[in-house]
>>> print(open('input-v1.txt').read())   # compact mmCIF, C-alpha atoms
# COMPACT_ATOMS: atom_id res chain seq x y z
CA MET A 1 -4.96 49.77 70.71
CA HIS A 2 -4.43 48.57 67.12
CA PHE A 3 -8.00 49.35 66.07
CA ARG A 4 -7.17 49.09 62.37
CA ARG A 5 -6.66 45.36 62.74
CA LYS A 6 -10.12 45.01 64.24
CA LEU A 7 -12.02 47.25 61.82
CA SER A 8 -13.51 46.01 58.61
CA SER A 9 -13.26 48.09 55.45
CA LEU A 10 -14.54 51.61 56.15
CA THR A 11 -16.04 51.75 52.67
CA ALA A 12 -17.97 48.54 53.35
CA LEU A 13 -19.17 49.83 56.73
CA VAL A 14 -20.48 53.00 55.06
CA ALA A 15 -22.38 50.80 52.62
CA LEU A 16 -23.78 48.67 55.44
CA GLU A 17 -25.06 51.71 57.35
CA ALA A 18 -26.74 53.11 54.23
CA VAL A 19 -28.41 49.80 53.32
CA ALA A 20 -29.61 49.27 56.90
CA ARG A 21 -31.09 52.75 56.96
CA HIS A 22 -32.74 52.64 53.52
CA ARG A 23 -33.64 48.92 53.58
CA SER A 24 -32.58 49.05 49.94
CA ILE A 25 -29.36 48.29 48.10
CA SER A 26 -30.29 50.51 45.16
CA ALA A 27 -31.12 53.50 47.40
CA ALA A 28 -27.88 53.02 49.30
CA ALA A 29 -25.93 52.85 46.05
CA ARG A 30 -27.47 56.14 44.85
CA GLU A 31 -26.62 57.86 48.12
CA ILE A 32 -23.02 56.65 48.14
CA GLY A 33 -22.52 57.20 44.43
CA VAL A 34 -21.55 53.65 43.40
CA THR A 35 -23.26 50.80 41.58
CA GLN A 36 -25.65 48.33 43.18
CA ALA A 37 -23.22 45.56 42.36
CA ALA A 38 -20.47 47.34 44.29
CA VAL A 39 -22.70 47.69 47.37
CA SER A 40 -23.72 44.02 47.13
CA ARG A 41 -20.05 42.97 46.98
CA GLN A 42 -19.23 45.11 50.06
CA ILE A 43 -22.12 43.59 52.05
CA ALA A 44 -21.09 40.09 50.98
CA ALA A 45 -17.49 40.78 52.09
CA LEU A 46 -18.73 41.94 55.51
CA GLU A 47 -20.92 38.87 55.91
CA GLU A 48 -17.91 36.70 55.17
CA ASP A 49 -15.79 38.71 57.62
CA PHE A 50 -18.40 38.47 60.40
CA GLY A 51 -19.30 34.87 59.64
CA ARG A 52 -23.04 35.53 59.65
CA PRO A 53 -25.75 37.01 57.42
CA LEU A 54 -26.50 40.71 57.88
CA PHE A 55 -29.65 41.05 55.78
CA VAL A 56 -32.62 38.93 54.88
CA ARG A 57 -33.19 39.38 51.15
CA ALA A 58 -36.70 39.87 49.85
CA HIS A 59 -38.00 40.62 46.34
CA ARG A 60 -38.07 44.41 46.63
CA ALA A 61 -36.22 45.12 49.88
CA VAL A 62 -33.64 43.84 52.31
CA GLN A 63 -34.35 43.48 56.02
CA PRO A 64 -31.42 43.92 58.42
CA THR A 65 -30.97 41.33 61.15
CA ALA A 66 -31.17 42.44 64.78
CA GLU A 67 -27.36 42.41 65.08
CA CYS A 68 -27.06 44.39 61.85
CA LEU A 69 -29.53 46.99 63.13
CA MET A 70 -27.49 47.44 66.29
CA LEU A 71 -24.27 47.82 64.29
CA GLY A 72 -25.98 50.23 61.90
CA ARG A 73 -27.06 52.50 64.77
CA VAL A 74 -23.53 52.55 66.21
CA LEU A 75 -22.08 53.31 62.78
CA ALA A 76 -24.61 56.11 62.18
CA ASP A 77 -23.76 57.77 65.51
CA ASN A 78 -20.04 57.58 64.87
CA PHE A 79 -20.26 58.72 61.24
CA TYR A 80 -22.31 61.70 62.41
CA GLY A 81 -19.71 62.54 65.05
CA MET A 82 -16.91 62.26 62.50
CA ALA A 83 -18.77 64.52 60.07
CA GLU A 84 -19.37 67.11 62.80
CA ALA A 85 -15.72 67.08 63.85
CA ILE A 86 -14.48 67.41 60.26
CA ASP A 87 -16.94 70.22 59.57
CA ALA A 88 -15.76 72.00 62.72
CA MET A 89 -12.16 71.68 61.54
CA ARG A 90 -13.03 73.10 58.15
CA THR A 91 -15.03 75.94 59.71
CA THR A 92 -12.33 76.74 62.24
CA SER A 93 -9.67 77.03 59.60
CA LYS A 94 -11.71 79.23 57.26
CA ASP A 95 -14.43 81.18 59.04
CA VAL A 96 -13.97 81.31 62.79
CA VAL A 97 -12.28 84.37 64.29
CA THR A 98 -10.33 83.46 67.43
CA ILE A 99 -9.97 86.16 70.10
CA GLY A 100 -7.84 85.75 73.20
CA ALA A 101 -8.54 87.76 76.34
CA PRO A 102 -8.08 87.70 80.13
CA VAL A 103 -10.88 85.87 81.93
CA ALA A 104 -12.51 88.92 83.54
CA PHE A 105 -12.31 91.04 80.39
CA SER A 106 -13.77 88.21 78.32
CA HIS A 107 -16.63 87.52 80.74
CA LEU A 108 -17.60 91.10 81.59
CA TRP A 109 -16.77 93.14 78.49
CA LEU A 110 -16.00 91.06 75.40
CA VAL A 111 -18.73 88.40 75.37
CA PRO A 112 -21.70 90.81 75.69
CA ARG A 113 -20.35 92.83 72.76
CA LEU A 114 -19.71 89.75 70.64
CA LEU A 115 -23.34 88.76 71.11
CA ARG A 116 -24.46 92.20 69.94
CA PHE A 117 -22.09 91.96 66.97
CA ARG A 118 -23.59 88.61 65.98
CA ALA A 119 -27.07 90.09 66.10
CA VAL A 120 -25.97 92.38 63.26
CA HIS A 121 -23.72 89.79 61.58
CA PRO A 122 -25.53 86.46 62.21
CA THR A 123 -23.10 84.43 60.08
CA ALA A 124 -20.09 85.50 62.17
CA ALA A 125 -18.39 82.70 64.10
CA PHE A 126 -16.08 83.20 67.07
CA ARG A 127 -13.84 81.19 69.34
CA VAL A 128 -12.91 82.98 72.55
CA VAL A 129 -9.80 81.82 74.42
CA SER A 130 -10.12 83.11 78.00
CA ARG A 131 -6.89 82.86 79.98
CA ASP A 132 -4.94 85.08 82.33
CA ASP A 133 -1.57 83.75 81.21
CA ARG A 134 0.02 84.93 77.96
CA ILE A 135 -1.72 83.82 74.78
CA ASP A 136 0.70 83.19 71.93
CA LEU A 137 0.26 85.16 68.72
CA ASP A 138 3.36 83.83 66.96
CA GLY A 139 2.06 80.26 67.02
CA GLY A 140 -1.33 81.18 65.56
CA GLU A 141 -3.26 80.39 68.75
CA ALA A 142 -5.45 83.45 68.16
CA ASP A 143 -6.14 85.97 65.41
CA MET A 144 -6.05 88.81 67.92
CA VAL A 145 -5.69 89.20 71.67
CA ILE A 146 -6.55 91.68 74.39
CA ARG A 147 -3.54 92.30 76.62
CA PHE A 148 -3.41 94.48 79.70
CA GLY A 149 -0.20 96.41 80.00
CA GLN A 150 1.95 99.31 78.92
CA GLY A 151 4.10 99.84 75.87
CA SER A 152 4.63 97.61 72.85
CA PHE A 153 4.58 93.82 72.54
CA PRO A 154 7.33 91.87 70.73
CA ASP A 155 4.99 89.47 68.90
CA GLY A 156 2.32 91.89 67.69
CA ASP A 157 1.11 95.37 66.82
CA VAL A 158 -1.28 97.37 69.01
CA VAL A 159 -4.32 98.32 66.92
CA ALA A 160 -6.28 100.12 69.65
CA LYS A 161 -6.22 100.55 73.41
CA ALA A 162 -8.25 101.94 76.28
CA ARG A 163 -7.25 102.77 79.82
CA ASP A 164 -9.64 102.26 82.69
CA VAL A 165 -10.80 104.05 85.83
CA ILE A 166 -10.30 102.19 89.11
CA LEU A 167 -12.75 102.93 91.94
CA PRO A 168 -14.06 101.17 95.06
CA VAL A 169 -17.42 99.39 94.70
CA CYS A 170 -19.73 97.35 96.91
CA ALA A 171 -23.27 95.99 97.00
CA PRO A 172 -26.05 98.42 98.00
CA GLY A 173 -26.85 96.18 100.98
CA TYR A 174 -23.30 96.41 102.29
CA ALA A 175 -23.31 100.21 101.86
CA ALA A 176 -26.59 100.38 103.82
CA ARG A 177 -25.11 98.37 106.73
CA GLN A 178 -21.91 100.43 106.96
CA ASP A 179 -21.29 104.16 107.25
CA LEU A 180 -18.96 104.53 104.27
CA SER A 181 -19.29 108.28 103.92
CA ALA A 182 -15.76 108.79 105.28
CA PHE A 183 -14.17 105.92 103.32
CA PRO A 184 -11.41 104.92 103.81
CA ASP A 185 -11.38 106.53 107.29
CA CYS A 186 -14.10 104.21 108.59
CA ALA A 187 -14.77 100.54 109.28
CA PHE A 188 -14.89 98.33 106.19
CA ASP A 189 -14.04 94.92 104.74
CA LEU A 190 -11.75 94.72 101.71
CA ILE A 191 -11.95 92.14 98.93
CA GLU A 192 -8.93 91.74 96.68
CA GLN A 193 -7.76 89.83 93.63
CA ASP A 194 -4.47 88.15 94.45
CA VAL A 195 -2.46 87.89 91.21
CA PRO A 196 1.28 87.94 90.46
CA ASP A 197 0.92 90.41 87.55
CA ARG A 198 2.12 93.75 88.92
CA SER A 199 0.32 95.70 86.18
CA TRP A 200 -2.95 94.68 87.85
CA TYR A 201 -3.65 96.99 90.78
CA ARG A 202 -3.89 96.04 94.44
CA TRP A 203 -5.49 97.97 97.25
CA ALA A 204 -2.07 99.12 98.48
CA ASP A 205 -1.47 100.71 95.07
CA TRP A 206 -4.88 102.41 95.08
CA PHE A 207 -4.46 103.83 98.58
CA ALA A 208 -0.96 105.08 97.76
CA GLN A 209 -2.04 106.84 94.56
CA THR A 210 -5.10 108.44 96.15
CA GLY A 211 -3.02 109.66 99.10
CA THR A 212 -5.01 107.78 101.71
CA ARG A 213 -3.55 105.72 104.53
CA PRO A 214 -6.30 103.82 106.33
CA ARG A 215 -5.54 101.99 109.56
CA GLN A 216 -6.86 98.74 108.06
CA ALA A 217 -5.58 98.23 104.55
CA SER A 218 -5.39 94.44 104.33
CA ALA A 219 -8.03 92.37 102.55
CA THR A 220 -10.19 89.96 104.52
CA LEU A 221 -11.07 88.03 101.34
CA ARG A 222 -8.65 87.28 98.50
CA PHE A 223 -9.35 85.53 95.20
CA THR A 224 -7.30 84.42 92.23
CA TYR A 225 -9.86 85.61 89.66
CA PHE A 226 -11.53 89.00 89.39
CA THR A 227 -14.83 87.29 88.59
CA ASP A 228 -14.76 85.66 92.05
CA THR A 229 -13.81 88.98 93.64
CA LEU A 230 -16.78 90.55 91.88
CA ALA A 231 -19.13 87.75 93.00
CA ALA A 232 -18.13 88.33 96.64
CA ALA A 233 -18.75 92.07 96.28
CA ARG A 234 -22.16 91.48 94.70
CA ALA A 235 -23.01 89.18 97.61
CA GLY A 236 -22.33 92.00 100.08
CA ALA A 237 -19.08 90.66 101.55
CA GLY A 238 -17.22 93.97 101.39
CA ILE A 239 -15.58 96.54 99.11
CA ALA A 240 -13.82 95.46 95.93
CA MET A 241 -11.62 97.42 93.58
CA GLY A 242 -13.78 98.10 90.54
CA TRP A 243 -12.72 98.62 86.94
CA ARG A 244 -15.30 100.88 85.35
CA MET A 245 -15.06 99.41 81.85
CA LEU A 246 -15.73 95.95 83.22
CA LEU A 247 -18.46 96.97 85.68
CA GLY A 248 -20.44 99.38 83.52
CA ASP A 249 -23.59 97.23 83.53
CA ASP A 250 -23.44 96.54 87.29
CA LEU A 251 -23.00 100.22 88.12
CA ALA A 252 -25.72 101.32 85.71
CA SER A 253 -28.23 98.78 87.07
CA GLY A 254 -27.38 99.41 90.72
CA VAL A 255 -26.14 95.88 91.39
CA LEU A 256 -22.98 97.61 92.61
CA VAL A 257 -22.48 101.18 93.86
CA ARG A 258 -19.29 103.17 94.04
CA VAL A 259 -17.81 104.01 97.44
CA GLY A 260 -16.58 107.57 97.98
CA ASP A 261 -15.46 109.89 95.21
CA ARG A 262 -11.80 108.99 94.83
CA GLU A 263 -10.62 107.17 91.72
CA ILE A 264 -7.45 106.68 89.70
CA ILE A 265 -6.72 106.12 86.02
CA SER A 266 -4.64 103.06 85.32
CA PRO A 267 -1.39 103.79 83.47
CA ALA A 268 -1.73 100.39 81.79
CA ALA A 269 -4.38 99.79 79.13
CA TYR A 270 -6.43 97.07 77.50
CA ASN A 271 -4.57 96.63 74.20
CA LEU A 272 -5.96 95.00 71.06
CA VAL A 273 -2.93 93.23 69.59
CA VAL A 274 -2.60 91.43 66.23
CA ALA A 275 0.31 89.38 64.95
CA THR A 276 2.91 91.36 63.02
CA GLY A 277 2.88 90.70 59.28
CA ARG A 278 0.20 88.00 59.33
CA ARG A 279 -2.20 88.02 56.39
CA ALA A 280 -5.75 88.24 57.74
CA SER A 281 -9.02 87.10 56.19
CA SER A 282 -11.77 89.60 55.44
CA GLN A 283 -13.71 88.29 58.46
CA VAL A 284 -10.74 88.83 60.78
CA GLU A 285 -10.29 92.35 59.38
CA LEU A 286 -13.97 93.12 59.99
CA VAL A 287 -13.84 91.93 63.60
CA LYS A 288 -10.53 93.70 64.23
CA SER A 289 -11.92 97.03 62.98
CA TRP A 290 -15.11 96.62 65.01
CA LEU A 291 -13.26 95.66 68.20
CA ALA A 292 -10.83 98.56 67.79
CA ALA A 293 -13.77 100.95 67.42
CA GLU A 294 -15.40 99.53 70.58
CA LEU A 295 -12.22 100.06 72.61
CA MET A 296 -11.72 103.61 71.33
CA ALA A 297 -15.37 104.38 72.09
CA GLU A 298 -14.80 103.23 75.68
CA ALA A 299 -11.83 105.60 76.00
CA GLY A 300 -13.95 108.41 74.55
CA ARG A 301 -16.84 107.82 76.96
CA ALA A 302 -14.45 107.85 79.91
CA GLY A 303 -12.73 111.00 78.62
CA ILE A 304 -9.36 109.30 79.01
CA ASP A 305 -6.46 109.81 76.63
CA PRO A 306 -5.58 106.25 75.47
>>> encode(input="input-v1.txt", output="structure tokens")
Amino acid sequence: MHFRRKLSSLTALVALEAVARHRSISAAAREIGVTQAAVSRQIAALEEDFGRPLFVRAHRAVQPTAECLMLGRVLADNFYGMAEAIDAMRTTSKDVVTIGAPVAFSHLWLVPRLLRFRAVHPTAAFRVVSRDDRIDLDGGEADMVIRFGQGSFPDGDVVAKARDVILPVCAPGYAARQDLSAFPDCAFDLIEQDVPDRSWYRWADWFAQTGTRPRQASATLRFTYFTDTLAAARAGAGIAMGWRMLLGDDLASGVLVRVGDREIISPAAYNLVVATGRRASSQVELVKSWLAAELMAEAGRAGIDP
């Protein structure tokens, strides 16, 4: 659509909206920062373009016609939207800290801590990119990312990391209906996250590392996202593989309970990664230092060597 051919002068439309709102050419001129004569010329040009009068002139005021009022409201809404979008662009480029993280980590661990951070730093602004596929640091998609894995990353430096404890969990209601005291040598239903990333544990990995070989080791419910796996466990559908860092609140409140006493420590870690050699703003540096401290505190509470 060649909208430019259909639009009148943007400067004249700004003048029209201001005059319609103020009912005054002089007030509109002061707001826009031009002379009254300039505003009058712009209104006259629009009236010629539209082929109809836009205002009824009186001694001390101008009264917009019904059609002019309708156009003025549309212009006001669109100018406001444009101003908001431009302000968001300016804010994003200067003040917003963008953090990338896997969906489950973002939902269960990162967001609650960001809210607490903002309570102390109310002017802080964040954009969280939650995705389970790789988030690009080289292209500037994020200022920092949380990546689950082992070793180094070619596009960034690891600032801090924390490994996690993996243990079976279920809803208290499910535990009450089943005799899980001999888990996994008992009857149970397994819930599993079905993902291609081999660094993310499956039940087969957990059973192998804990030295247990139950007769039934296949999941009756499988989900793509850990958040869905967790929702099914909370609803009492069976036993899910729990990551203690992510489920701290649920375990503390009793929404979920652990099953048995076996657990393993993941060899992979949640890594805070920043782009190599990129110059960071003071706000990015503040958030990076805070987030690194939060991760290291998690490793300290768990007593796990990062």
>>> atom_distance(input="input-v1.txt", atom1="atom CA of Pro172 of chain A", atom2="atom CA of Val255 of chain A")
7.1 Å
>>> atom_distance(input="input-v1.txt", atom1="atom CA of Gln216 of chain A", atom2="atom CA of Ala233 of chain A")
18.0 Å
>>> residues_around(input="input-v1.txt", residues="Ile166 of chain A", least_positions_apart="6", cutoff="6 Å", atoms="all atoms listed in the file", output="CSV table (one decimal) with C-alpha atoms, in the frame of the given file")
chain,number,residue,atom,x,y,z
A,242,GLY,CA,-13.8,98.1,90.5
A,243,TRP,CA,-12.7,98.6,86.9
A,263,GLU,CA,-10.6,107.2,91.7
A,264,ILE,CA,-7.4,106.7,89.7
>>> atom_distance(input="input-v1.txt", atom1="atom CA of Asp261 of chain A", atom2="atom CA of Ala171 of chain A")
16.0 Å
>>> closest_residue(input="input-v1.txt", among="A:Ala237, A:Gln63, A:Pro53, A:Thr35", to="Ala20 of chain A", atoms="all atoms listed in the file")
A:Gln63
>>> closest_residue(input="input-v1.txt", among="A:Val62, A:Leu115, A:Ile304, A:Ala124", to="Leu286 of chain A", atoms="only C-alpha atoms")
A:Ala124
>>> build_atoms(input="input-v1.txt", residues="segment 14-50 of chain A", atoms="N, CA and C atoms", output="PDB file, in the coordinates of the input")
ATOM      1  N   VAL A  14     -19.621  51.923  55.537  1.00  0.00           N
ATOM      2  CA  VAL A  14     -20.480  53.000  55.060  1.00  0.00           C
ATOM      3  C   VAL A  14     -21.641  52.425  54.251  1.00  0.00           C
ATOM      4  N   ALA A  15     -21.332  51.447  53.420  1.00  0.00           N
ATOM      5  CA  ALA A  15     -22.380  50.800  52.620  1.00  0.00           C
ATOM      6  C   ALA A  15     -23.379  50.082  53.509  1.00  0.00           C
ATOM      7  N   LEU A  16     -22.884  49.380  54.531  1.00  0.00           N
ATOM      8  CA  LEU A  16     -23.780  48.670  55.440  1.00  0.00           C
ATOM      9  C   LEU A  16     -24.734  49.638  56.132  1.00  0.00           C
ATOM     10  N   GLU A  17     -24.216  50.739  56.643  1.00  0.00           N
ATOM     11  CA  GLU A  17     -25.060  51.710  57.350  1.00  0.00           C
ATOM     12  C   GLU A  17     -26.140  52.270  56.427  1.00  0.00           C
ATOM     13  N   ALA A  18     -25.767  52.550  55.177  1.00  0.00           N
ATOM     14  CA  ALA A  18     -26.740  53.110  54.230  1.00  0.00           C
ATOM     15  C   ALA A  18     -27.813  52.086  53.870  1.00  0.00           C
ATOM     16  N   VAL A  19     -27.425  50.833  53.655  1.00  0.00           N
ATOM     17  CA  VAL A  19     -28.410  49.800  53.320  1.00  0.00           C
ATOM     18  C   VAL A  19     -29.337  49.552  54.495  1.00  0.00           C
ATOM     19  N   ALA A  20     -28.780  49.490  55.709  1.00  0.00           N
ATOM     20  CA  ALA A  20     -29.610  49.270  56.900  1.00  0.00           C
ATOM     21  C   ALA A  20     -30.611  50.406  57.089  1.00  0.00           C
ATOM     22  N   ARG A  21     -30.208  51.606  56.772  1.00  0.00           N
ATOM     23  CA  ARG A  21     -31.090  52.750  56.960  1.00  0.00           C
ATOM     24  C   ARG A  21     -32.166  52.819  55.886  1.00  0.00           C
ATOM     25  N   HIS A  22     -31.785  52.540  54.632  1.00  0.00           N
ATOM     26  CA  HIS A  22     -32.740  52.640  53.520  1.00  0.00           C
ATOM     27  C   HIS A  22     -33.552  51.363  53.316  1.00  0.00           C
ATOM     28  N   ARG A  23     -33.046  50.231  53.858  1.00  0.00           N
ATOM     29  CA  ARG A  23     -33.640  48.920  53.580  1.00  0.00           C
ATOM     30  C   ARG A  23     -33.641  48.650  52.077  1.00  0.00           C
ATOM     31  N   SER A  24     -32.623  49.170  51.398  1.00  0.00           N
ATOM     32  CA  SER A  24     -32.580  49.050  49.940  1.00  0.00           C
ATOM     33  C   SER A  24     -31.149  49.186  49.470  1.00  0.00           C
ATOM     34  N   ILE A  25     -30.700  48.207  48.664  1.00  0.00           N
ATOM     35  CA  ILE A  25     -29.360  48.290  48.100  1.00  0.00           C
ATOM     36  C   ILE A  25     -29.282  49.371  47.035  1.00  0.00           C
ATOM     37  N   SER A  26     -30.306  49.508  46.229  1.00  0.00           N
ATOM     38  CA  SER A  26     -30.290  50.510  45.160  1.00  0.00           C
ATOM     39  C   SER A  26     -30.284  51.926  45.739  1.00  0.00           C
ATOM     40  N   ALA A  27     -31.093  52.171  46.779  1.00  0.00           N
ATOM     41  CA  ALA A  27     -31.120  53.500  47.400  1.00  0.00           C
ATOM     42  C   ALA A  27     -29.779  53.825  48.056  1.00  0.00           C
ATOM     43  N   ALA A  28     -29.184  52.812  48.692  1.00  0.00           N
ATOM     44  CA  ALA A  28     -27.880  53.020  49.300  1.00  0.00           C
ATOM     45  C   ALA A  28     -26.830  53.331  48.247  1.00  0.00           C
ATOM     46  N   ALA A  29     -26.892  52.624  47.125  1.00  0.00           N
ATOM     47  CA  ALA A  29     -25.930  52.850  46.050  1.00  0.00           C
ATOM     48  C   ALA A  29     -26.046  54.271  45.496  1.00  0.00           C
ATOM     49  N   ARG A  30     -27.284  54.772  45.347  1.00  0.00           N
ATOM     50  CA  ARG A  30     -27.470  56.140  44.850  1.00  0.00           C
ATOM     51  C   ARG A  30     -26.903  57.161  45.838  1.00  0.00           C
ATOM     52  N   GLU A  31     -27.125  56.922  47.114  1.00  0.00           N
ATOM     53  CA  GLU A  31     -26.620  57.860  48.120  1.00  0.00           C
ATOM     54  C   GLU A  31     -25.102  57.891  48.136  1.00  0.00           C
ATOM     55  N   ILE A  32     -24.475  56.721  48.057  1.00  0.00           N
ATOM     56  CA  ILE A  32     -23.020  56.650  48.140  1.00  0.00           C
ATOM     57  C   ILE A  32     -22.365  57.048  46.824  1.00  0.00           C
ATOM     58  N   GLY A  33     -23.072  56.853  45.736  1.00  0.00           N
ATOM     59  CA  GLY A  33     -22.520  57.200  44.430  1.00  0.00           C
ATOM     60  C   GLY A  33     -21.747  56.071  43.776  1.00  0.00           C
ATOM     61  N   VAL A  34     -22.177  54.809  44.035  1.00  0.00           N
ATOM     62  CA  VAL A  34     -21.550  53.650  43.400  1.00  0.00           C
ATOM     63  C   VAL A  34     -22.661  52.776  42.801  1.00  0.00           C
ATOM     64  N   THR A  35     -22.264  51.688  42.178  1.00  0.00           N
ATOM     65  CA  THR A  35     -23.260  50.800  41.580  1.00  0.00           C
ATOM     66  C   THR A  35     -23.854  49.872  42.628  1.00  0.00           C
ATOM     67  N   GLN A  36     -25.032  49.308  42.285  1.00  0.00           N
ATOM     68  CA  GLN A  36     -25.650  48.330  43.180  1.00  0.00           C
ATOM     69  C   GLN A  36     -24.760  47.117  43.366  1.00  0.00           C
ATOM     70  N   ALA A  37     -24.096  46.724  42.285  1.00  0.00           N
ATOM     71  CA  ALA A  37     -23.220  45.560  42.360  1.00  0.00           C
ATOM     72  C   ALA A  37     -22.082  45.796  43.351  1.00  0.00           C
ATOM     73  N   ALA A  38     -21.558  47.027  43.367  1.00  0.00           N
ATOM     74  CA  ALA A  38     -20.470  47.340  44.290  1.00  0.00           C
ATOM     75  C   ALA A  38     -20.951  47.251  45.735  1.00  0.00           C
ATOM     76  N   VAL A  39     -22.153  47.766  46.012  1.00  0.00           N
ATOM     77  CA  VAL A  39     -22.700  47.690  47.370  1.00  0.00           C
ATOM     78  C   VAL A  39     -22.938  46.235  47.759  1.00  0.00           C
ATOM     79  N   SER A  40     -23.474  45.441  46.839  1.00  0.00           N
ATOM     80  CA  SER A  40     -23.720  44.020  47.130  1.00  0.00           C
ATOM     81  C   SER A  40     -22.424  43.305  47.461  1.00  0.00           C
ATOM     82  N   ARG A  41     -21.349  43.611  46.715  1.00  0.00           N
ATOM     83  CA  ARG A  41     -20.050  42.970  46.980  1.00  0.00           C
ATOM     84  C   ARG A  41     -19.537  43.378  48.371  1.00  0.00           C
ATOM     85  N   GLN A  42     -19.710  44.652  48.760  1.00  0.00           N
ATOM     86  CA  GLN A  42     -19.230  45.110  50.060  1.00  0.00           C
ATOM     87  C   GLN A  42     -19.994  44.437  51.202  1.00  0.00           C
ATOM     88  N   ILE A  43     -21.311  44.271  51.019  1.00  0.00           N
ATOM     89  CA  ILE A  43     -22.120  43.590  52.050  1.00  0.00           C
ATOM     90  C   ILE A  43     -21.712  42.127  52.145  1.00  0.00           C
ATOM     91  N   ALA A  44     -21.500  41.494  50.988  1.00  0.00           N
ATOM     92  CA  ALA A  44     -21.090  40.090  50.980  1.00  0.00           C
ATOM     93  C   ALA A  44     -19.742  39.910  51.681  1.00  0.00           C
ATOM     94  N   ALA A  45     -18.807  40.851  51.450  1.00  0.00           N
ATOM     95  CA  ALA A  45     -17.490  40.780  52.090  1.00  0.00           C
ATOM     96  C   ALA A  45     -17.623  40.913  53.613  1.00  0.00           C
ATOM     97  N   LEU A  46     -18.528  41.792  54.076  1.00  0.00           N
ATOM     98  CA  LEU A  46     -18.730  41.940  55.510  1.00  0.00           C
ATOM     99  C   LEU A  46     -19.349  40.682  56.114  1.00  0.00           C
ATOM    100  N   GLU A  47     -20.295  40.091  55.415  1.00  0.00           N
ATOM    101  CA  GLU A  47     -20.920  38.870  55.910  1.00  0.00           C
ATOM    102  C   GLU A  47     -19.899  37.743  56.026  1.00  0.00           C
ATOM    103  N   GLU A  48     -18.979  37.701  55.090  1.00  0.00           N
ATOM    104  CA  GLU A  48     -17.910  36.700  55.170  1.00  0.00           C
ATOM    105  C   GLU A  48     -16.982  37.004  56.339  1.00  0.00           C
ATOM    106  N   ASP A  49     -16.672  38.300  56.529  1.00  0.00           N
ATOM    107  CA  ASP A  49     -15.790  38.710  57.620  1.00  0.00           C
ATOM    108  C   ASP A  49     -16.409  38.408  58.976  1.00  0.00           C
ATOM    109  N   PHE A  50     -17.719  38.683  59.126  1.00  0.00           N
ATOM    110  CA  PHE A  50     -18.400  38.470  60.400  1.00  0.00           C
ATOM    111  C   PHE A  50     -18.818  37.026  60.615  1.00  0.00           C
TER     112      PHE A  50
END
